[in-house]
file target19.cif (mmCIF, C-alpha atoms and all ligand atoms)
data_target
loop_
_atom_site.label_atom_id
_atom_site.label_comp_id
_atom_site.auth_asym_id
_atom_site.auth_seq_id
_atom_site.Cartn_x
_atom_site.Cartn_y
_atom_site.Cartn_z
CA MET A 1 -36.52 -0.97 2.17
CA SER A 2 -39.21 -3.10 3.73
CA ASP A 3 -42.30 -1.77 5.53
CA HIS A 4 -40.57 -1.11 8.88
CA GLN A 5 -38.42 1.88 9.82
CA PRO A 6 -34.79 1.30 8.83
CA GLY A 7 -33.66 2.30 12.34
CA VAL A 8 -30.22 3.43 13.40
CA ALA A 9 -27.18 2.51 11.36
CA VAL A 10 -23.88 2.73 13.20
CA VAL A 11 -21.06 3.52 10.79
CA ALA A 12 -17.62 3.11 12.34
CA GLY A 13 -15.15 5.03 10.22
CA GLY A 14 -18.04 7.13 8.94
CA ALA A 15 -16.01 10.33 8.59
CA GLY A 16 -13.46 8.66 6.32
CA PHE A 17 -13.33 8.39 2.56
CA ILE A 18 -15.80 5.57 1.86
CA GLY A 19 -17.55 5.96 5.21
CA SER A 20 -18.59 9.55 4.53
CA HIS A 21 -20.26 8.54 1.24
CA LEU A 22 -21.92 5.62 2.99
CA CYS A 23 -23.34 7.89 5.73
CA GLN A 24 -24.84 10.14 3.07
CA ALA A 25 -26.40 7.18 1.23
CA LEU A 26 -27.82 5.71 4.44
CA VAL A 27 -29.39 9.02 5.46
CA ALA A 28 -30.93 9.21 1.98
CA ARG A 29 -32.43 5.75 2.56
CA GLY A 30 -34.11 6.93 5.76
CA HIS A 31 -31.64 5.65 8.35
CA GLU A 32 -30.66 7.59 11.39
CA VAL A 33 -26.88 7.43 11.24
CA LEU A 34 -24.55 7.25 14.20
CA CYS A 35 -21.10 7.90 12.85
CA VAL A 36 -18.25 6.77 15.09
CA ASP A 37 -14.79 7.94 14.09
CA ASN A 38 -11.51 8.73 15.85
CA LEU A 39 -10.63 11.29 13.13
CA GLN A 40 -7.22 9.63 12.66
CA THR A 41 -7.39 9.78 8.88
CA ALA A 42 -10.70 11.54 8.16
CA ARG A 43 -10.71 14.89 6.38
CA PRO A 44 -12.17 17.62 8.61
CA SER A 45 -14.28 18.85 5.71
CA ASN A 46 -15.96 15.41 5.35
CA LEU A 47 -17.31 15.95 8.82
CA GLN A 48 -18.52 19.46 8.03
CA THR A 49 -20.58 18.11 5.12
CA LEU A 50 -21.96 15.22 7.16
CA GLU A 51 -22.95 17.23 10.19
CA GLY A 52 -25.60 19.07 8.18
CA LEU A 53 -27.42 15.84 7.29
CA PRO A 54 -30.81 15.17 8.90
CA GLY A 55 -30.72 12.27 11.37
CA PHE A 56 -26.93 12.29 11.46
CA THR A 57 -24.98 12.20 14.73
CA PHE A 58 -21.23 12.19 15.07
CA VAL A 59 -19.50 10.52 18.01
CA GLU A 60 -15.75 10.97 18.30
CA ALA A 61 -14.48 7.66 19.62
CA ASP A 62 -11.82 5.06 18.92
CA ILE A 63 -13.30 1.56 18.50
CA VAL A 64 -10.15 0.11 20.08
CA ARG A 65 -11.58 1.34 23.37
CA PRO A 66 -14.96 0.26 24.80
CA LEU A 67 -17.74 1.98 22.88
CA PRO A 68 -19.09 5.12 24.57
CA GLU A 69 -22.54 5.44 26.09
CA ALA A 70 -23.59 7.64 23.16
CA VAL A 71 -23.42 4.45 21.05
CA LEU A 72 -24.29 1.72 23.57
CA GLY A 73 -27.25 3.75 24.86
CA ALA A 74 -28.79 3.68 21.35
CA ALA A 75 -28.36 -0.10 21.01
CA GLU A 76 -32.03 -0.97 21.16
CA ARG A 77 -32.70 1.14 18.06
CA VAL A 78 -29.61 -0.01 16.13
CA THR A 79 -30.45 -2.28 13.19
CA ARG A 80 -27.23 -2.11 11.17
CA VAL A 81 -23.57 -1.90 12.16
CA TYR A 82 -21.07 -1.10 9.41
CA ASN A 83 -17.39 -1.41 10.27
CA LEU A 84 -15.25 0.77 7.98
CA ALA A 85 -12.91 1.92 10.73
CA CYS A 86 -9.25 1.52 9.85
CA ALA A 87 -6.59 3.49 8.06
CA ALA A 88 -6.46 1.79 4.66
CA SER A 89 -3.56 3.43 2.86
CA PRO A 90 -0.23 1.59 3.30
CA PRO A 91 1.78 4.60 4.61
CA GLN A 92 -1.01 5.46 7.02
CA TYR A 93 -1.75 1.98 8.36
CA GLN A 94 2.00 1.36 8.70
CA ALA A 95 2.56 4.60 10.65
CA ASP A 96 1.08 2.98 13.78
CA PRO A 97 0.96 -0.76 13.05
CA GLU A 98 0.01 -1.70 16.60
CA HIS A 99 -3.06 0.53 16.42
CA THR A 100 -3.93 -0.86 12.97
CA MET A 101 -3.92 -4.43 14.28
CA LEU A 102 -5.91 -3.47 17.37
CA THR A 103 -8.46 -1.54 15.31
CA ASN A 104 -9.14 -4.63 13.26
CA VAL A 105 -9.18 -7.14 16.08
CA VAL A 106 -10.29 -5.34 19.26
CA GLY A 107 -12.33 -2.73 17.38
CA THR A 108 -14.18 -5.35 15.35
CA HIS A 109 -14.84 -7.27 18.55
CA HIS A 110 -16.42 -4.21 20.18
CA LEU A 111 -18.65 -3.66 17.15
CA LEU A 112 -19.65 -7.33 16.95
CA ARG A 113 -20.67 -7.19 20.59
CA LEU A 114 -22.73 -4.09 19.85
CA ALA A 115 -24.45 -5.92 16.96
CA GLU A 116 -25.12 -8.91 19.22
CA ARG A 117 -26.58 -6.73 21.96
CA ALA A 118 -28.69 -4.78 19.47
CA GLY A 119 -29.77 -7.80 17.42
CA ALA A 120 -28.42 -5.82 14.46
CA ARG A 121 -26.85 -7.03 11.23
CA PHE A 122 -23.09 -6.46 11.07
CA LEU A 123 -21.02 -5.74 7.98
CA LEU A 124 -17.24 -5.92 8.03
CA THR A 125 -15.32 -4.14 5.31
CA SER A 126 -12.46 -6.51 4.71
CA THR A 127 -9.99 -6.05 1.91
CA SER A 128 -8.38 -7.46 -1.21
CA GLU A 129 -5.22 -7.39 0.91
CA VAL A 130 -6.33 -10.70 2.41
CA TYR A 131 -5.16 -12.16 -0.93
CA GLY A 132 -1.67 -10.67 -0.41
CA ASP A 133 0.54 -10.89 -3.49
CA PRO A 134 -1.81 -13.29 -5.27
CA GLU A 135 -0.77 -16.37 -7.23
CA VAL A 136 -4.31 -16.75 -8.56
CA HIS A 137 -5.57 -14.14 -10.97
CA PRO A 138 -8.18 -12.67 -10.88
CA GLN A 139 -8.92 -13.33 -7.23
CA PRO A 140 -12.09 -15.24 -6.36
CA GLU A 141 -13.29 -15.36 -2.75
CA GLY A 142 -12.28 -19.03 -2.48
CA TYR A 143 -8.59 -18.17 -2.98
CA ARG A 144 -6.87 -18.21 0.40
CA GLY A 145 -4.14 -15.75 -0.46
CA TRP A 146 -0.38 -15.39 -0.37
CA VAL A 147 0.17 -13.11 2.58
CA SER A 148 3.32 -12.38 4.56
CA CYS A 149 2.62 -12.43 8.28
CA THR A 150 6.03 -10.89 9.01
CA GLY A 151 6.14 -7.94 6.59
CA PRO A 152 5.13 -4.29 6.95
CA ARG A 153 1.66 -4.88 5.45
CA ALA A 154 0.85 -7.65 7.93
CA CYS A 155 -0.68 -5.34 10.54
CA TYR A 156 -3.43 -4.58 8.03
CA ASP A 157 -3.65 -7.85 6.03
CA GLU A 158 -3.50 -10.13 9.03
CA GLY A 159 -5.60 -7.76 11.10
CA LYS A 160 -8.35 -7.97 8.48
CA ARG A 161 -8.00 -11.75 8.24
CA ALA A 162 -8.43 -12.01 12.01
CA ALA A 163 -11.41 -9.65 11.83
CA GLU A 164 -12.98 -11.90 9.18
CA ALA A 165 -12.36 -14.97 11.34
CA MET A 166 -14.04 -13.39 14.36
CA THR A 167 -16.95 -12.10 12.27
CA PHE A 168 -17.66 -15.54 10.80
CA ASP A 169 -17.32 -17.12 14.26
CA TYR A 170 -19.96 -14.73 15.60
CA ALA A 171 -22.23 -15.84 12.77
CA ARG A 172 -21.54 -19.55 13.34
CA MET A 173 -22.22 -19.14 17.06
CA GLY A 174 -25.53 -17.45 16.20
CA ARG A 175 -24.47 -14.27 17.97
CA ALA A 176 -24.88 -11.90 15.02
CA GLU A 177 -26.04 -11.94 11.43
CA VAL A 178 -23.04 -10.88 9.39
CA ARG A 179 -21.86 -9.79 5.96
CA VAL A 180 -18.22 -9.50 4.86
CA ALA A 181 -17.19 -7.36 1.88
CA ARG A 182 -13.67 -7.62 0.49
CA ILE A 183 -13.05 -4.16 -0.90
CA PHE A 184 -10.59 -3.69 -3.77
CA ASN A 185 -8.88 -0.38 -4.59
CA THR A 186 -11.44 2.42 -4.47
CA TYR A 187 -11.13 6.09 -5.38
CA GLY A 188 -13.18 9.24 -5.68
CA PRO A 189 -14.10 12.48 -3.91
CA ASN A 190 -13.44 12.75 -0.15
CA MET A 191 -10.06 10.98 -0.32
CA SER A 192 -7.49 12.94 1.63
CA PRO A 193 -4.87 14.65 -0.52
CA ASP A 194 -2.26 13.27 1.90
CA ASP A 195 -3.77 9.80 1.99
CA GLY A 196 -0.76 8.31 0.22
CA ARG A 197 -2.62 6.01 -2.17
CA VAL A 198 -1.83 6.02 -5.82
CA VAL A 199 -4.90 7.76 -7.25
CA SER A 200 -4.84 10.65 -4.77
CA ASN A 201 -1.05 10.96 -4.97
CA LEU A 202 -0.89 11.07 -8.76
CA ILE A 203 -3.76 13.53 -9.14
CA CYS A 204 -2.65 15.84 -6.33
CA GLN A 205 0.97 15.78 -7.49
CA ALA A 206 -0.11 16.52 -11.07
CA LEU A 207 -2.32 19.41 -9.96
CA ALA A 208 0.17 20.79 -7.42
CA ASP A 209 3.00 21.04 -9.90
CA CYS A 210 5.45 18.76 -8.08
CA GLU A 211 7.11 15.37 -8.72
CA ILE A 212 4.71 12.63 -9.84
CA THR A 213 5.74 9.42 -8.08
CA VAL A 214 5.48 6.01 -9.72
CA PHE A 215 6.75 3.20 -7.51
CA GLY A 216 8.80 0.47 -9.15
CA ASP A 217 8.66 0.48 -12.96
CA GLY A 218 4.88 1.02 -12.92
CA SER A 219 4.14 -2.42 -14.38
CA GLN A 220 2.26 -3.64 -11.28
CA THR A 221 -1.50 -3.70 -11.77
CA ARG A 222 -4.55 -2.66 -9.79
CA SER A 223 -8.28 -2.42 -10.55
CA PHE A 224 -9.96 0.79 -9.40
CA CYS A 225 -13.58 1.13 -8.34
CA TYR A 226 -15.38 4.47 -8.13
CA VAL A 227 -16.68 5.19 -4.64
CA ASP A 228 -20.36 5.51 -5.64
CA ASP A 229 -20.29 1.96 -7.01
CA MET A 230 -18.60 0.73 -3.84
CA VAL A 231 -21.20 2.29 -1.55
CA ARG A 232 -24.03 0.84 -3.65
CA GLY A 233 -22.36 -2.58 -3.34
CA LEU A 234 -21.93 -2.30 0.45
CA ILE A 235 -25.59 -1.41 0.98
CA ALA A 236 -26.74 -4.13 -1.43
CA LEU A 237 -24.67 -6.66 0.49
CA MET A 238 -25.92 -5.48 3.89
CA GLU A 239 -29.55 -5.55 2.77
CA SER A 240 -29.40 -8.82 0.85
CA ASP A 241 -30.83 -12.01 2.29
CA ILE A 242 -27.82 -14.09 1.29
CA ASP A 243 -26.22 -16.59 3.61
CA GLY A 244 -23.68 -14.30 5.24
CA LEU A 245 -21.14 -17.06 5.82
CA GLU A 246 -19.20 -16.23 2.65
CA PRO A 247 -17.20 -13.06 1.94
CA VAL A 248 -18.10 -11.09 -1.20
CA ASN A 249 -15.55 -9.25 -3.36
CA LEU A 250 -16.51 -5.69 -4.29
CA GLY A 251 -14.37 -3.90 -6.84
CA ASN A 252 -14.11 -2.95 -10.48
CA PRO A 253 -12.55 -5.77 -12.53
CA VAL A 254 -11.03 -3.43 -15.14
CA GLU A 255 -7.32 -3.89 -14.50
CA LEU A 256 -4.52 -1.56 -15.54
CA THR A 257 -0.89 -0.94 -14.73
CA VAL A 258 0.15 1.90 -12.43
CA GLY A 259 2.03 3.31 -15.44
CA ASP A 260 -1.22 3.37 -17.47
CA LEU A 261 -3.00 5.05 -14.60
CA CYS A 262 -0.29 7.67 -14.46
CA ASP A 263 -0.64 8.31 -18.22
CA ARG A 264 -4.38 8.82 -17.80
CA VAL A 265 -3.85 11.29 -14.98
CA LEU A 266 -1.28 13.18 -17.08
CA ALA A 267 -3.76 13.35 -19.96
CA LEU A 268 -6.61 14.55 -17.74
CA THR A 269 -4.60 17.20 -15.91
CA GLY A 270 -2.30 18.27 -18.74
CA ALA A 271 0.72 17.68 -16.48
CA ASP A 272 4.14 17.33 -18.11
CA ALA A 273 5.30 13.69 -18.31
CA ARG A 274 8.86 14.82 -17.49
CA ARG A 275 7.73 15.37 -13.93
CA VAL A 276 7.24 11.61 -13.44
CA VAL A 277 9.88 10.10 -11.14
CA PHE A 278 10.32 6.40 -10.41
CA LYS A 279 10.74 5.48 -6.73
CA PRO A 280 11.56 2.10 -5.16
CA LEU A 281 8.69 -0.37 -4.96
CA PRO A 282 7.56 -0.74 -1.33
CA THR A 283 8.17 -4.08 0.43
CA ASP A 284 5.51 -6.73 -0.28
CA ASP A 285 3.77 -4.52 -2.85
CA PRO A 286 1.41 -6.90 -4.71
CA ARG A 287 2.33 -7.32 -8.38
CA ARG A 288 -1.23 -7.54 -9.58
CA ARG A 289 -4.74 -7.39 -8.32
CA ARG A 290 -8.14 -7.80 -9.96
CA PRO A 291 -11.36 -8.95 -8.34
CA ASP A 292 -13.44 -11.82 -9.57
CA ILE A 293 -16.86 -10.28 -8.93
CA GLY A 294 -18.95 -13.25 -10.06
CA ARG A 295 -20.34 -13.76 -6.57
CA ALA A 296 -21.43 -10.11 -6.15
CA ARG A 297 -23.01 -10.19 -9.61
CA ASP A 298 -24.88 -13.45 -9.01
CA LEU A 299 -25.97 -12.89 -5.41
CA LEU A 300 -26.52 -9.14 -5.34
CA GLY A 301 -27.04 -8.26 -9.00
CA TRP A 302 -24.21 -5.77 -8.46
CA THR A 303 -21.68 -4.62 -11.04
CA PRO A 304 -19.78 -1.32 -11.20
CA ARG A 305 -21.33 1.32 -13.46
CA VAL A 306 -18.76 4.14 -13.45
CA GLY A 307 -15.89 3.65 -15.89
CA LEU A 308 -12.35 4.79 -15.13
CA GLU A 309 -12.45 7.73 -17.56
CA GLU A 310 -15.58 9.13 -16.00
CA GLY A 311 -14.53 8.40 -12.42
CA LEU A 312 -11.02 9.82 -12.81
CA ALA A 313 -12.37 12.97 -14.47
CA ALA A 314 -14.82 13.51 -11.59
CA THR A 315 -12.05 12.86 -9.05
CA CYS A 316 -9.61 15.25 -10.75
CA GLU A 317 -12.28 17.91 -10.86
CA TRP A 318 -13.06 17.40 -7.17
CA PHE A 319 -9.38 17.50 -6.12
CA GLY A 320 -8.95 20.63 -8.25
CA ARG A 321 -11.62 22.37 -6.18
CA GLU A 322 -10.28 21.00 -2.87
CA LEU A 323 -6.69 22.01 -3.53
CA ALA A 324 -7.84 25.52 -4.31
CA THR A 325 -8.82 25.89 -0.64
CA PRO A 326 -5.84 26.80 1.55
CA VAL A 327 -6.47 24.23 4.35
CA GLU A 328 -6.40 21.15 2.12
CA ALA A 329 -3.67 22.49 -0.15
CA ALA A 330 -1.36 22.93 2.81
CA ARG A 331 -1.59 19.23 3.65
CA VAL A 332 -0.22 17.84 0.35
N1 LIG A 401 1.99 3.71 -5.93
C1 LIG A 401 2.70 4.52 -6.81
N2 LIG A 401 2.86 5.82 -6.50
C2 LIG A 401 2.34 6.40 -5.38
C3 LIG A 401 1.59 5.58 -4.50
C4 LIG A 401 1.44 4.23 -4.81
O1 LIG A 401 3.20 4.05 -7.85
O2 LIG A 401 2.53 7.62 -5.18
C5 LIG A 401 1.80 2.29 -6.29
C6 LIG A 401 1.99 1.30 -5.13
O3 LIG A 401 3.34 0.92 -5.01
C7 LIG A 401 1.10 0.16 -5.59
C8 LIG A 401 -0.04 0.85 -6.33
O4 LIG A 401 0.45 2.14 -6.69
O5 LIG A 401 1.77 -0.69 -6.49
C9 LIG A 401 -1.28 0.99 -5.50
O6 LIG A 401 -0.90 1.56 -4.28
P1 LIG A 401 -1.94 2.05 -3.20
O7 LIG A 401 -1.15 2.52 -2.03
O8 LIG A 401 -2.91 2.99 -3.82
O9 LIG A 401 -2.79 0.76 -2.80
P2 LIG A 401 -2.45 -0.77 -2.54
O10 LIG A 401 -3.20 -1.47 -3.60
O11 LIG A 401 -0.97 -1.02 -2.68
O12 LIG A 401 -2.93 -1.03 -1.17
#
call {"tool": "encode", "arguments": {"input": "target19.cif", "output": "structure tokens"}}
result
Amino acid sequence: MSDHQPGVAVVAGGAGFIGSHLCQALVARGHEVLCVDNLQTARPSNLQTLEGLPGFTFVEADIVRPLPEAVLGAAERVTRVYNLACAASPPQYQADPEHTMLTNVVGTHHLLRLAERAGARFLLTSTSEVYGDPEVHPQPEGYRGWVSCTGPRACYDEGKRAAEAMTFDYARMGRAEVRVARIFNTYGPNMSPDDGRVVSNLICQALADCEITVFGDGSQTRSFCYVDDMVRGLIALMESDIDGLEPVNLGNPVELTVGDLCDRVLALTGADARRVVFKPLPTDDPRRRRPDIGRARDLLGWTPRVGLEEGLAATCEWFGRELATPVEAARV
């Protein structure tokens, strides 16, 4: 950091999977952290870990509603606003699609206004879902995507696209300095066992001795980034002096099929392959996804460091410990 105090960082969605790691990293960098979360998808134990951190304050609030005084009252000391608030797993963001859309549009608006009032830098966590089911592979930031605005993923995809549009408009109007990260699939400790995404599902199912669900024939691809790399990328982007008028992809470009991922989880957990069951592919499920991270590499000097073997082993180990505790095990 530079010679001045880093000040208060507001982290919306700070009790969630990536947000909880980000709060820890920001505290370690000397920020006071104001974590705003509605606890819709956060694990209760993430909060327990966070609440012991020095300089950390938790405010239970939903960014869809006007921000509470506990946040607005701190505005003059706020230097950074990170927006990670939104359910990000398809079953969870589809459970209340209206709220998902409002979180991205109205919630982002509230946080942009906070950044404007505070004179703080604002970072939106957007998503690889803005590329939809991509016709261009791998996906560079200049690709405009192949997104359905009528399907079940639209509340999230189109919500994030609208959030990007508003964020860049705030920057063009000179109302806030902004950064936009497009996050690709991310995994690691602090995911909820009942999150519904593929890495947590496969590992928890393998460890819990139940059916292991592969959707479709498992030939669709994804590229999985370990959470520590993601958090390092988000902070590097926020703190960089780049022209914030371009989004930046953050993700691990090592691509594999869901079937390959399942095989790796079976190998790591020793689960019996006969427990694998094939379920219908969800509507609008992208066939393939891999980030082009040239921009992050060139502008931020960022590349992922944790390989899939290492990251999956650490994640399996972590879930193994979590599932041994009765509260989390009951939620699978
Ligand atoms: N998937 C799967 N089994 C599961 C959950 C997901 O095969 O139990 C598939 C899903 O259909 C998709 C991929 O894994 O093709 C990644 O899904 P996820 O929900 O993790 O993230 P997405 O990239 O689709 O947002």
call {"tool": "residues_near_ligand", "arguments": {"input": "target19.cif", "ligand": "ligand LIG 401 (chain A)", "cutoff": "8 Å", "atoms": "all atoms listed in the file", "output": "PyMOL selection string"}}
result
chain A and resi 88-91+129+184-185+196-202+212-216+218+220-222+258-259+278-279+281-282+285-287+289
call {"tool": "closest_residue", "arguments": {"input": "target19.cif", "among": "A:Ile203, A:Ala85, A:Cys23, A:Ala118", "to": "Val276 (chain A)", "atoms": "all atoms listed in the file"}}
result
A:Ile203
call {"tool": "closest_residue", "arguments": {"input": "target19.cif", "among": "A:Gly7, A:Gly174, A:Pro304, A:Gly311", "to": "Gly244 (chain A)", "atoms": "all atoms listed in the file"}}
result
A:Gly174
call {"tool": "atom_distance", "arguments": {"input": "target19.cif", "atom1": "CA of Val147 (chain A)", "atom2": "CA of Gly294 (chain A)"}}
result
22.9 Å
call {"tool": "residues_around", "arguments": {"input": "target19.cif", "residues": "Leu250 (chain A)", "least_positions_apart": "2", "cutoff": "7 Å", "atoms": "all atoms listed in the file", "output": "list in words"}}
result
Ala181, Arg182, Ile183, Phe184, Met230, Gly233, Val248, Ile293 and Ala296 of chain A
call {"tool": "closest_atom_pairs", "arguments": {"input": "target19.cif", "of": "region 100-193 of chain A", "to": "region 312-315 of chain A", "cutoff": "8 Å", "atoms": "all atoms listed in the file", "output": "JSON lines"}}
result
{"residue": "A:Tyr187", "atom": "CA", "partner": "A:Thr315", "partner_atom": "CA", "distance": 7.8}
{"residue": "A:Gly188", "atom": "CA", "partner": "A:Thr315", "partner_atom": "CA", "distance": 5.1}
{"residue": "A:Pro189", "atom": "CA", "partner": "A:Thr315", "partner_atom": "CA", "distance": 5.5}
call {"tool": "closest_residue", "arguments": {"input": "target19.cif", "among": "A:Arg29, A:Arg43, A:Lys160, A:Arg295", "to": "Gly13 (chain A)", "atoms": "all atoms listed in the file"}}
result
A:Arg43
call {"tool": "closest_residue", "arguments": {"input": "target19.cif", "among": "A:Glu76, A:Asp263, A:Asp228, A:Glu322", "to": "Val8 (chain A)", "atoms": "all atoms listed in the file"}}
result
A:Glu76
call {"tool": "atom_distance", "arguments": {"input": "target19.cif", "atom1": "CA of Gly301 (chain A)", "atom2": "CA of Val27 (chain A)"}}
result
22.7 Å
call {"tool": "residues_around", "arguments": {"input": "target19.cif", "residues": "Ala9 (chain A)", "least_positions_apart": "2", "cutoff": "6 Å", "atoms": "all atoms listed in the file", "output": "CSV table (one decimal) with C-alpha atoms, in the frame of the given file"}}
result
chain,number,residue,atom,x,y,z
A,33,VAL,CA,-26.9,7.4,11.2
A,78,VAL,CA,-29.6,0.0,16.1
A,80,ARG,CA,-27.2,-2.1,11.2
A,81,VAL,CA,-23.6,-1.9,12.2
call {"tool": "decode", "arguments": {"input": "target19.cif", "residues": "region 56-73 of chain A", "atoms": "C-alpha atoms", "output": "compact mmCIF listing (two decimals), in the first residue's frame"}}
result
# COMPACT_ATOMS: atom_id res chain seq x y z
CA PHE A 56 -13.82 -6.11 11.20
CA THR A 57 -17.47 -5.06 11.56
CA PHE A 58 -20.46 -6.99 10.30
CA VAL A 59 -23.66 -5.24 9.25
CA GLU A 60 -26.62 -7.44 8.37
CA ALA A 61 -28.33 -5.65 5.50
CA ASP A 62 -29.71 -6.34 2.05
CA ILE A 63 -28.21 -4.01 -0.58
CA VAL A 64 -31.54 -4.06 -2.44
CA ARG A 65 -32.77 -1.73 0.28
CA PRO A 66 -31.22 1.68 1.06
CA LEU A 67 -27.93 1.17 2.90
CA PRO A 68 -28.21 1.47 6.69
CA GLU A 69 -26.72 4.28 8.74
CA ALA A 70 -24.04 1.89 10.02
CA VAL A 71 -22.62 2.02 6.47
CA LEU A 72 -23.58 5.51 5.29
CA GLY A 73 -22.36 7.03 8.56
